[in-house]
Amino acid sequence: MAGGLLGSMDSGWWPRGSSSFAAEVDGLFFLIAVIVGAWLLLCQAALFFFLWQASGRGGPGRLRGLQIETWSIVTLAVAVLACDLVVEAYGHPIWKLIVSAPRGNALVVQVQARQFVWEIRHPGADGRLATEDDIEVQNELHVPVGVPIELHLRSKDVIHSFFLPTVRLKQDVLPGVEIRRWFLPTRVGRFPLACAELCGFAHYRMGGALIVHDPESYQRWLAAGATAIGGLEQGVRR
Amino acid sequence: MSTAQQPMVGAGRSGLLGVYWFLGSEATLFGALIVAAAFFRLGAAGWSDTARHLSLHTATLATVCLLGATLGFPGKVEVGFRRWKRMLLVSIGGSLFLVLKAGDFVQHWNAGFRPDAGLFWAAFYLLTGLHGLHVLAGVILAGWFGWLEFRRAPQLPLSWLRGLRLYWYFVDTVWFCLLGLFYAG
Amino acid sequence: MDWNKAFAGEGVEQEVGSSSNTATARLASARGRRPRLWPAWLFSTDHKIIGLQYLGISVVMALVGVFGAYVLRWQLAFPGTPAPLYGIVDPGPYNAWLTMHGTIMMFFVAMPLLLGAFGNYFVPLMVGAEDMAFPRLNMISVWTLGLACLVLMASFLVAEGPAAAGWTNYVPLSADPVYTGVTLGADLWLVAVFLDFAAVLMSGINVLTTALNLRAPGLTLPRVPLFVWTQVIAAVLFLFSAGPLMGAILMLLSDRHLGSGFFAAERGGSPLLWQHLFWFFGHPEVYVILLPALGIFLEIFPTFARRPVAAARVIVVALWTSAALSFVVWAHHMFVSGMSPALALPFSITTIIISVPFAVVVFALIATLRGGMLRPSTAMCFAVGGLASFLIGGVTGIFLGAPAVDMYLHDTYFVVAHFHYTLFPAVVLGGFAGLYYWFPKVTGRMLDERLGKWHCWCTLVAFQAVFLPLFFLGVHGHMRRVYDPSYYDFLRPGIFLHQMATVAAVVLVLSQALVVWNVIRSLRKGEKAPSNPWGGTTLEWATTSPPVPGNFSEPVVVAHEPYHYTDCDRRREPVPQWML
Ligand SMILES: [Cu+2]
Ligand SMILES: [Cu+2]
Ligand SMILES: [Cu+2]
């Protein structure tokens, strides 16, 4: 069923990841899917089997073994607990990886949210923020492929949520605090950026793009951004 | 019908049980607000400096009034004689407390310490105000009960008095929490 | 609070008040004249009438909530086109409708229906009491709810319209009118929710006290029916979780009008505090709704499978366990909120573990069919369909309990699909199961079973067609509360799923005509119902249908636990609780 629908979406129902930890998140999702899928099938099968049996088509019903019934229920519940712990044990390191500090030298990008714009401040050619050659763009996050990116997220007004679906990264952005998250883009291309938290009447169009450049095009973008900034102040603002 | 239900598990105690449940939910209401304020107190530097603006004298006096009112409740409501006088004592003590609190509010408000003057004052007005409303409700109930007793209308049910006493203890407890939160530097 | 006055004085009054009440009612019927209808009805302290008042309120509010859902679904499926009966949906009203849909369905439909209507009507009957412990408090409770409804509905009439910050009402969005453009509507929302909670608290105090103190002789705690247990646990949950949100509402009102800054970051306050207080309440709230629905299933399964509930005692333990755990899971709604990521581990462990007690209840329900002798009925159809659907909602919660996956799925349609798959089976399927099960008891008439089966199947199938597509949208990364999905390139291919869901939703709503017709027709010329039409074993079936004033015309004494059936000669006969 899903196969037929798959073609109609650019990257299928499960959007292909574009970050270093996307594969881990996907793996965890499919692990959970397999485990709970099995339990779901088991329960539905048992439910409808007993229903069929009780409706008289499975022979005369007899009421036997109520004690064993209780014990089976408890045993199965313990099995559920075991599955839970597997999910937890497998999933926790992935969470820690996502929310930890980036490894190695990360390129710091500052994201400031306000109703209904992402103001994104990129470091210029010097690779540092808060210098002359910073490039400020609205609603576009430009990064080079293969370099860890550290996001410094802030909000000027209400709570927004910085969401990069293909990166598998989502982080609410709060007024009054700076939250740091990182990711490592692994694929060149243009990917969606969205606001995932209701933030007012235009919440639905607080979107943008994550643009992952290969090294040359990144250099070209840096150069263009720098001249544009130097030339006409608001020129690059889109 | 009543005869049919007569051996029920504990119909006579229902009123008091209801008060217990009610106070349980009240405890979570005040508990949440007090915990929130305590977090603000830990997080904000100037809390105890601001607290100096509050008068310890008034607070002590108010505490005495509230506790004095509590003494109005007999230890065993069954043997409480002349209960209307006791109820009168409760409502007078509670009223004095309210008068003192109101004076406090007016004084600080006029001095410019309003709810928008910082988290201390915001929490102060909200919590002591909410507590004051509870005292007011208690005062009204005690006055009403006292009036019923005074008129020697059908004997006041003991469970009413027990319920009100329980409520008053709760109000006392909350007040002590607030003392610790706002007055203890 | 003026209502403590009301019940502080209830203890002794009750015997006097209610017995004279029933006496006059009986007097009236003895003289063969109907008491003048509406004042008697409106000012009644009879739990049965109050239960029906709750039912009426929840049905009326459901109409508004459903209309909101229709407006939202239309806009999602056909963005920018005028919705029939409504017109063009603008972004502002869209946010208002999504806020009101959630608020109404959670606080003004689910709770009044499952706690107010079913709880009020059947807890006293099932424990063998003649009324609630505090009948007058009960009346005040339903009035308070009515007032809350009026306040909430009034917000549709004020200048900038109703609140538009989502049913979770997150600050700072809801704290300052500049962010949403809504002024008075937001205050009315806060007041309405506060009043609603006060009403449910009063009703909860009543249910708890009734179930504990007014049980019939012989009805020891282990003999209490499971539905009553679920009502008791729901009441306890609400009693100990509502306070924090009521406190938060007071703080927010103070922020909005007195200029305090409890939730304002720039003034030392904390926006996350609202979320903590909201979800400390919010998660138990889900179980406040869920447990009574499970209680309805737990009554229907043994009655129609004609065998005892499997592991009944273990179920009670499991329900209490889930209730206790529900107080320590709240931050699973906040994994990406900006709270310390270190908190994710403890909260995800408690969250995932809470699946264990629910697994017990679900396994026990399934096992209750084993070796049964099924008596097919509409109530059972809804109960089985409800359980099967709820399973999907339950297991998808595990995805959201794992923080790393939640980071992706949080605030997407996956969440929307997940909680609709838990709440719809609970409120709607559970509610209909209860309706078809207890309608004969309440009205003295049988519903048409053939129409009922049609209604059940239409509802079940349409429901799946509405919400299954939303899972697909969710895993595709579709954010929720998005007014116009076509704004995003990556969401545009999914709009046909929205269209599917919307068409199915319209079918779902239209197929409810079947139950409306069924109820109207059965009330007029339905078959007369005997006192125990289904062979139930609990006390509500001991009295006439409908129950006499005062509930039982002769004293009931309970002899044993519920759900007993004889098992000989391949026949199953119920052995009701009141039979020795
Ligand atoms: Cu936003
Ligand atoms: Cu947004
Ligand atoms: Cu939850």
# chains A, B, ... in the order shown; residues from 1 in each chain; ligands from 1
$ select_by_dssp --residues "segment 21-238 of chain A" --states "strand (DSSP E or B)" --output "PyMOL selection string"
chain A and resi 107-114+117-122+135-138+140-144+149-155+160-164+169-173+175+179-183+185+189-195+208-213
$ residues_around --residues "Ala62 of chain C" --least-positions-apart "3" --cutoff "10 Å" --atoms "only C-alpha atoms" --output "ChimeraX atom specification"
/C:56-59,65-68,101,104-105,108-110,113
$ residues_near_ligand --ligand "ligand 3" --cutoff "8 Å" --atoms "only C-alpha atoms and all ligand atoms" --output "list in words"
Trp279, Gly282, His283, Pro284, Val286, Ser326, Val329, Trp330, Ala331, His332, His333 and Thr351 of chain C
$ residues_around --residues "segment 150-162 of chain A" --least-positions-apart "3" --cutoff "7 Å" --atoms "only C-alpha atoms" --output "ChimeraX atom specification"
/A:102,106-114,170-175,177-183,194-197,199 /C:172-173
$ write_last_selection --atoms "C-alpha atoms" --output "mmCIF file, in the first residue's frame"
data_model
loop_
_atom_site.group_PDB
_atom_site.id
_atom_site.type_symbol
_atom_site.label_atom_id
_atom_site.label_comp_id
_atom_site.auth_asym_id
_atom_site.auth_seq_id
_atom_site.Cartn_x
_atom_site.Cartn_y
_atom_site.Cartn_z
ATOM 1 C CA PRO A 102 29.292 18.856 19.101
ATOM 2 C CA ALA A 106 31.898 23.407 15.048
ATOM 3 C CA LEU A 107 30.746 26.286 12.915
ATOM 4 C CA VAL A 108 28.521 28.432 15.136
ATOM 5 C CA VAL A 109 25.334 29.826 13.623
ATOM 6 C CA GLN A 110 23.010 32.054 15.544
ATOM 7 C CA VAL A 111 19.278 31.643 15.050
ATOM 8 C CA GLN A 112 17.000 34.307 16.382
ATOM 9 C CA ALA A 113 13.271 33.662 16.101
ATOM 10 C CA ARG A 114 10.565 36.273 16.159
ATOM 11 C CA LYS A 170 13.618 19.892 16.617
ATOM 12 C CA GLN A 171 14.171 22.355 19.387
ATOM 13 C CA ASP A 172 11.794 24.800 20.997
ATOM 14 C CA VAL A 173 13.190 28.290 21.083
ATOM 15 C CA LEU A 174 12.479 30.196 24.279
ATOM 16 C CA PRO A 175 12.585 33.871 25.087
ATOM 17 C CA VAL A 177 17.543 31.738 27.172
ATOM 18 C CA GLU A 178 19.950 30.589 24.523
ATOM 19 C CA ILE A 179 19.698 26.923 23.673
ATOM 20 C CA ARG A 180 22.492 25.146 21.825
ATOM 21 C CA ARG A 181 22.044 22.193 19.519
ATOM 22 C CA TRP A 182 24.269 20.723 16.877
ATOM 23 C CA PHE A 183 24.113 18.619 13.761
ATOM 24 C CA ALA A 194 9.841 24.909 9.741
ATOM 25 C CA CYS A 195 8.389 26.306 12.923
ATOM 26 C CA ALA A 196 6.786 23.435 14.783
ATOM 27 C CA GLU A 197 5.261 25.275 17.746
ATOM 28 C CA CYS A 199 3.412 30.868 17.642
ATOM 29 C CA PRO C 172 4.089 33.884 26.340
ATOM 30 C CA LEU C 173 1.756 33.447 23.361
#
$ residues_around --residues "Val362 of chain C" --least-positions-apart "5" --cutoff "12 Å" --atoms "only C-alpha atoms" --output "number ranges by chain"
A: 39-40, 42-44, 46-47, 73-74, 76-77, 80; C: 291, 294-295, 297-298, 301, 309-312, 314-315, 318-319, 355-357, 367-369, 384, 386-392, 394-395
$ interface_residues --of "chain C" --to "chain A" --cutoff "7 Å" --atoms "only C-alpha atoms" --output "MDAnalysis selection string"
chainID C and resid 91:92 95 172:173 179:180 265:266 310:311 336:338 341 349 352:353 356 359:360 363:364 366 369:374 388 391 395 399 402:405 407:408 411 472 475:477 479 481:484 487 493
$ residues_around --residues "segment 32-38 of chain B" --least-positions-apart "2" --cutoff "8 Å" --atoms "only C-alpha atoms" --output "list in words"
Thr28, Leu29, Phe30, Phe40, Arg41, Leu42, Ala123, Leu127, Cys177, Leu178 and Leu181 of chain B; Gly243, Pro244, Gly247, Ala248, Leu273 and Leu277 of chain C
$ write_last_selection --atoms "N, CA and C atoms" --output "PDB file, in the first residue's frame"
ATOM      1  N   THR B  28      -2.995  20.780  46.800  1.00  0.00           N
ATOM      2  CA  THR B  28      -2.209  20.768  45.564  1.00  0.00           C
ATOM      3  C   THR B  28      -2.223  22.142  44.904  1.00  0.00           C
ATOM      4  N   LEU B  29      -3.328  22.882  45.064  1.00  0.00           N
ATOM      5  CA  LEU B  29      -3.376  24.237  44.513  1.00  0.00           C
ATOM      6  C   LEU B  29      -2.332  25.126  45.185  1.00  0.00           C
ATOM      7  N   PHE B  30      -2.407  25.189  46.530  1.00  0.00           N
ATOM      8  CA  PHE B  30      -1.431  26.006  47.247  1.00  0.00           C
ATOM      9  C   PHE B  30      -0.021  25.431  47.077  1.00  0.00           C
ATOM     10  N   PHE B  40      11.254  30.559  42.453  1.00  0.00           N
ATOM     11  CA  PHE B  40      11.608  31.947  42.156  1.00  0.00           C
ATOM     12  C   PHE B  40      12.525  32.494  43.241  1.00  0.00           C
ATOM     13  N   ARG B  41      12.229  32.135  44.496  1.00  0.00           N
ATOM     14  CA  ARG B  41      13.045  32.629  45.597  1.00  0.00           C
ATOM     15  C   ARG B  41      14.476  32.133  45.456  1.00  0.00           C
ATOM     16  N   LEU B  42      14.618  30.848  45.081  1.00  0.00           N
ATOM     17  CA  LEU B  42      15.969  30.300  44.906  1.00  0.00           C
ATOM     18  C   LEU B  42      16.662  30.964  43.730  1.00  0.00           C
ATOM     19  N   ALA B 123       4.232  37.240  43.775  1.00  0.00           N
ATOM     20  CA  ALA B 123       3.909  36.036  44.541  1.00  0.00           C
ATOM     21  C   ALA B 123       3.252  36.404  45.868  1.00  0.00           C
ATOM     22  N   LEU B 127      -0.354  34.873  46.613  1.00  0.00           N
ATOM     23  CA  LEU B 127      -0.479  33.816  47.624  1.00  0.00           C
ATOM     24  C   LEU B 127      -1.188  34.314  48.876  1.00  0.00           C
ATOM     25  N   CYS B 177       3.416  28.269  55.976  1.00  0.00           N
ATOM     26  CA  CYS B 177       4.249  28.145  54.772  1.00  0.00           C
ATOM     27  C   CYS B 177       4.542  29.523  54.191  1.00  0.00           C
ATOM     28  N   LEU B 178       3.511  30.368  54.165  1.00  0.00           N
ATOM     29  CA  LEU B 178       3.693  31.699  53.588  1.00  0.00           C
ATOM     30  C   LEU B 178       4.637  32.540  54.445  1.00  0.00           C
ATOM     31  N   LEU B 181       7.977  31.563  53.530  1.00  0.00           N
ATOM     32  CA  LEU B 181       8.335  31.950  52.176  1.00  0.00           C
ATOM     33  C   LEU B 181       8.638  33.440  52.080  1.00  0.00           C
TER      34      LEU B 181
ATOM     35  N   GLY C 243      -5.240  21.151  40.884  1.00  0.00           N
ATOM     36  CA  GLY C 243      -4.736  22.305  41.627  1.00  0.00           C
ATOM     37  C   GLY C 243      -3.624  23.049  40.918  1.00  0.00           C
ATOM     38  N   PRO C 244      -2.574  22.363  40.475  1.00  0.00           N
ATOM     39  CA  PRO C 244      -1.488  23.090  39.817  1.00  0.00           C
ATOM     40  C   PRO C 244      -1.928  23.904  38.606  1.00  0.00           C
ATOM     41  N   GLY C 247      -3.835  26.890  39.840  1.00  0.00           N
ATOM     42  CA  GLY C 247      -2.860  27.869  40.323  1.00  0.00           C
ATOM     43  C   GLY C 247      -2.198  28.599  39.165  1.00  0.00           C
ATOM     44  N   ALA C 248      -1.850  27.843  38.131  1.00  0.00           N
ATOM     45  CA  ALA C 248      -1.213  28.465  36.969  1.00  0.00           C
ATOM     46  C   ALA C 248      -2.160  29.451  36.296  1.00  0.00           C
ATOM     47  N   LEU C 273       7.564  27.269  33.275  1.00  0.00           N
ATOM     48  CA  LEU C 273       6.773  26.958  34.469  1.00  0.00           C
ATOM     49  C   LEU C 273       5.337  26.618  34.076  1.00  0.00           C
ATOM     50  N   LEU C 277       3.417  23.120  34.957  1.00  0.00           N
ATOM     51  CA  LEU C 277       2.155  23.052  35.695  1.00  0.00           C
ATOM     52  C   LEU C 277       1.058  22.477  34.812  1.00  0.00           C
TER      53      LEU C 277
END
$ closest_residue --among "B:Ile140, B:Ala27, B:Ala122, B:Leu158" --to "Ile92 of chain B" --atoms "only C-alpha atoms"
B:Ile140
$ select_by_dssp --residues "segment 65-211 of chain A" --states "helix (DSSP H, G or I)" --output "PyMOL selection string"
chain A and resi 66-99+165-167+203-205
$ write_last_selection --atoms "C-alpha atoms" --output "short mmCIF file (atom, residue, chain, number, x, y, z; two decimals), in the first residue's frame"
data_model
loop_
_atom_site.label_atom_id
_atom_site.label_comp_id
_atom_site.auth_asym_id
_atom_site.auth_seq_id
_atom_site.Cartn_x
_atom_site.Cartn_y
_atom_site.Cartn_z
CA LEU A 66 -8.67 -18.82 35.36
CA GLN A 67 -5.69 -18.95 37.69
CA ILE A 68 -3.32 -19.62 34.81
CA GLU A 69 -4.97 -16.75 32.96
CA THR A 70 -3.98 -14.29 35.67
CA TRP A 71 -0.42 -15.54 35.67
CA SER A 72 -0.18 -15.37 31.90
CA ILE A 73 -1.37 -11.79 31.98
CA VAL A 74 1.22 -10.84 34.57
CA THR A 75 3.95 -12.71 32.70
CA LEU A 76 3.09 -10.98 29.44
CA ALA A 77 3.14 -7.64 31.21
CA VAL A 78 6.63 -8.39 32.47
CA ALA A 79 7.59 -9.18 28.89
CA VAL A 80 6.25 -5.76 27.92
CA LEU A 81 8.45 -4.26 30.61
CA ALA A 82 11.46 -6.06 29.15
CA CYS A 83 10.70 -4.66 25.71
CA ASP A 84 10.34 -1.20 27.23
CA LEU A 85 13.76 -1.47 28.77
CA VAL A 86 15.27 -2.58 25.46
CA VAL A 87 13.82 0.53 23.80
CA GLU A 88 15.11 2.71 26.60
CA ALA A 89 18.58 1.18 26.56
CA TYR A 90 18.85 1.47 22.80
CA GLY A 91 17.36 4.92 22.63
CA HIS A 92 19.05 6.76 25.44
CA PRO A 93 22.57 6.91 23.91
CA ILE A 94 21.03 8.37 20.76
CA TRP A 95 19.33 11.11 22.75
CA LYS A 96 22.57 11.83 24.55
CA LEU A 97 24.37 12.07 21.24
CA ILE A 98 21.83 14.55 19.89
CA VAL A 99 21.77 16.84 22.90
CA PRO A 165 12.83 17.32 9.45
CA THR A 166 15.59 15.68 7.44
CA VAL A 167 18.12 16.40 10.17
CA HIS A 203 2.79 30.13 12.48
CA TYR A 204 2.07 28.18 9.31
CA ARG A 205 4.33 30.31 7.18
#
$ closest_residue --among "C:Phe263, C:Phe118, C:Trp143, C:Trp97" --to "chain B" --atoms "only C-alpha atoms"
C:Phe263
$ closest_residue --among "C:Leu539, C:Val503, C:Leu250, C:Ile300" --to "chain B" --atoms "only C-alpha atoms"
C:Leu250
$ closest_residue --among "C:Ser377, C:Arg480, C:Phe463, C:Met132" --to "ligand 2" --atoms "only C-alpha atoms and all ligand atoms"
C:Arg480
$ closest_residue --among "B:Tyr169, B:Trp160, B:Phe73, B:Phe113" --to "chain C" --atoms "only C-alpha atoms"
B:Trp160
$ atom_distance --atom1 "atom CA of Ser19 of chain A" --atom2 "atom CA of Thr186 of chain A"
5.0 Å
$ closest_residue --among "C:His498, C:His455, C:Asp448, C:Gly166" --to "ligand 2" --atoms "only C-alpha atoms and all ligand atoms"
C:Gly166
$ atom_distance --atom1 "atom CA of Gly146 of chain A" --atom2 "atom CA of Ser18 of chain A"
10.5 Å
$ residues_around --residues "Gly132 of chain B" --least-positions-apart "6" --cutoff "9 Å" --atoms "only C-alpha atoms" --output "list in words"
Phe97, Leu98, Lys101 and Ala102 of chain B
